[in-house]
Amino acid sequence: MALAVQAVRRVATYGRVSSEDQRERATIKTQTVELARALARDPDVELIERYLDDGVSGTIPLAERPAGGCLMRDAAAGRFGELHVYKFDRLGRDAVDLLVVRRRFIELGIRVISVVEGEPDLLGYDVQAVVADHARRDFLRRSADGMNRAAREGRYTGGIVAYGYRVAGVRESARLAPDETIVGGELTAAGVVRRIYGRLGLGHASCAIVADELNALGIPTHYGRDGRGVRGRRTRGLWTAGRIRNMVVNPVYQGDLRYGRRTKRRDREVIAAAIAPLVSPELWGAAQATLARNRVCAKNTRRVYLLRGVIRCAGCGLTYVGSQGRAEVGWYRCNGRNRERGPLEGRCPGPMVRTDALEPIVWADIERFLRDPGDVLAELACERDGASAVAAAEAITLRRALDTLDEQKRTAIGLVVRGILPEADLRPELDRIAHERVRFEARLETAEAPGAPDLPALAPELLREVRARLEVGLTIEARTEIVRLLVAGIVIHGGRASDGTRSTRAVVEYRFPGAVQTGTGTGSSPPRAGTARGR
């Protein structure tokens with residue numbers, strides 16, 4: 001008599017956890033052990049594969065997870081006929097995805113069995129899917145409420161800590177505090193941040209220059225210091241202009257921490273929390289002004305465009321930018337000429353203007369004003385209210401300069417103590433700092449004195465200094481700064497003459513009305529440029 005042979009069932013298991021906290025509690029191991037115990041009680045099964053997604057959110061569709069995708073491909077290939085899980089919510093937390101997965105398993109003839117919930121019918125499975133989805137949304141809501149409460153209380157709520165800060169305390173007492181740990185030389189992590197803001201806000205340096213200085217000093221970056229990468233990828237560990245720029249625009253350094261500001265959800269509440277600032281609001285604002293000024297008058301290009309940022313197109317209203325031409329010839333072109341942008345449909349037909357056709361004319365007008373301001377000095381006597389605002393701004397800058405001198409003094413003494421700087425070099429450095437302090441304090445006393453300064457008396461002295469610098473020659477950077485202050489704007493008009501030739505006209509608006517003759521005279525501009533000046 002032949003004996004009936006029981007067919008062996010091919011089985012696969014799947015386990016998943018989503019959070020770091022669950023991984024620390026070895027939840028994935030708990031699921032694996034319980035699944036193994038359940039299969040050990042059934043001698044008619046053969047375990048084909050264990051699929052594990054450790055640290056993967058249940059909101060991600062099963063087919064898009066690393067192990068879940070492999071599971072679905074093997075299921076379609078017919079490698080197993082049963083899938084065992086600890087609970088059905090391990091397959092996912094989204095009701096729609098759970099129902100799609102269930103339908104796919106039915107099409108493939110695969111049974112889905114839970115250690116805790118057994119093998120329910122279709123209605124029971126649908127109920128479990130809805131319960132899992134509801135539990136996820138309820139968990140997220142409670143977690144968000146807890147995180148919001150912690151953020152309002154000023155506690156650290158997780159995430160990347162900004163360079164220059166550290167987490168002080170744990171859990172309910174965790175707070176962000178300035179990181180005064182030495183990272184290189186005499187500089188602490190918080191000191192590096194203050195140096196960056198000082199170089200931009202007070203020294204008007206570019207982000208690229210500051211990055212080169214930090215690399216030369218051997219100051220480690222955030223990732224280099226922690227020995228980690230970005231999203232699993234290692235970094236070069238070097239300071240870059242982009243990294244400096246991202247730090248400078250971060251409001252957290254003036255004590256303004258905003259939880260949830262990066263979210264894409266429209267209904268997400270952005271919670272403001274106050275933390276210890278690393279820089280003053282005035283220095284933070286000065287650094288932003290330097291960034292804006294460097295965008296207008298770039299410091300890192302091979303060619304410095306004297307009029308960059310002050311020219312705009314009469315046709316579309318966009319600004320003109322510098323463009324390097326052939327044979328080292330510079331041009332100004334409309335920002336909408338190469339790409340479709342602005343109010344016009346299609347690319348802007350605004351004409352290009354050669355730098356050597358427009359820059360000499362504008363600078364000649366400015367230099368003529370600086371050498372002979374005419375009646376403008378009399379007009380300045382009526383602007384005492386504006387002078388008071390200028391004096392207040394100068395006082396803020398001078399106070400920051402005095403703080404910088406104090407830091408330089410401490411640094412110099414520290415270098416001597418450590419043996420890096422010879423003691424003989426200390427006295428000249430201290431004398432220089434003392435001399436500058438006396439000069440700055442005298443200027444600060446004048447700026448903070450009640451009443452507006454005597455502008456008509458001060459202006460000739462300032463103009464004499466400018467004239468003296470004109471005689472020895474100004475750097476292109478100094479000329480660019482003067483243009484930014486004295487040129488209100490330049491508008492480029494383009495068109496065609498009756499004979500079909502293109503014509504270009506530049507209308508220049510200065511900030512010194514009546515000081516110079518702005519009408520175009522014979523031979524006042526190169527013939528091919530076709531530019532004209534106006535007020």
# chains A, B, ... in the order shown; residues from 1 in each chain; ligands from 1

call {"tool": "residues_around", "arguments": {"residues": "A:Ser206", "least_positions_apart": "2", "cutoff": "12 Å", "atoms": "only C-alpha atoms", "output": "ChimeraX atom specification"}}
result
/A:196-204,208-213,240-242,244-245,248,287-295,297-301

call {"tool": "atom_distance", "arguments": {"atom1": "atom CA of A:Gly330", "atom2": "atom CA of A:Val491"}}
result
18.2 Å

call {"tool": "closest_residue", "arguments": {"among": "A:Leu307, A:Leu283, A:Leu470, A:Ala314", "to": "A:Trp331", "atoms": "only C-alpha atoms"}}
result
A:Leu307

call {"tool": "closest_residue", "arguments": {"among": "A:Tyr253, A:Trp284, A:Tyr14, A:Tyr125", "to": "A:Ala190", "atoms": "only C-alpha atoms"}}
result
A:Tyr253

call {"tool": "closest_residue", "arguments": {"among": "A:Cys348, A:Asn335, A:Ile219, A:Cys70", "to": "A:Glu186", "atoms": "only C-alpha atoms"}}
result
A:Ile219

call {"tool": "residues_around", "arguments": {"residues": "A:Glu34", "least_positions_apart": "4", "cutoff": "9 Å", "atoms": "only C-alpha atoms", "output": "PyMOL selection string"}}
result
chain A and resi 29-30+38-39+86+115

call {"tool": "atom_distance", "arguments": {"atom1": "atom CA of A:Glu441", "atom2": "atom CA of A:Gly191"}}
result
24.6 Å

call {"tool": "residues_around", "arguments": {"residues": "A:Leu187", "least_positions_apart": "2", "cutoff": "12 Å", "atoms": "only C-alpha atoms", "output": "PyMOL selection string"}}
result
chain A and resi 164+179-185+189-196+214+217-220+407-408+410-411+414-415

call {"tool": "atom_distance", "arguments": {"atom1": "atom CA of A:Ile110", "atom2": "atom CA of A:Ala75"}}
result
7.9 Å

call {"tool": "residues_around", "arguments": {"residues": "A:Ala132", "least_positions_apart": "3", "cutoff": "6 Å", "atoms": "only C-alpha atoms", "output": "number ranges by chain"}}
result
A: 89, 93, 129, 135

call {"tool": "write_last_selection", "arguments": {"atoms": "C-alpha atoms", "output": "short mmCIF file (atom, residue, chain, number, x, y, z; two decimals), in the first residue's frame"}}
result
data_model
loop_
_atom_site.label_atom_id
_atom_site.label_comp_id
_atom_site.auth_asym_id
_atom_site.auth_seq_id
_atom_site.Cartn_x
_atom_site.Cartn_y
_atom_site.Cartn_z
CA ASP A 89 1.18 46.53 9.81
CA ARG A 93 1.08 51.69 7.32
CA ALA A 129 -5.28 47.73 6.90
CA ALA A 135 -2.69 54.03 14.09
#

call {"tool": "residues_around", "arguments": {"residues": "stretch 492-494 of chain A", "least_positions_apart": "3", "cutoff": "7 Å", "atoms": "only C-alpha atoms", "output": "PyMOL selection string"}}
result
chain A and resi 312-314+350-351+503-507
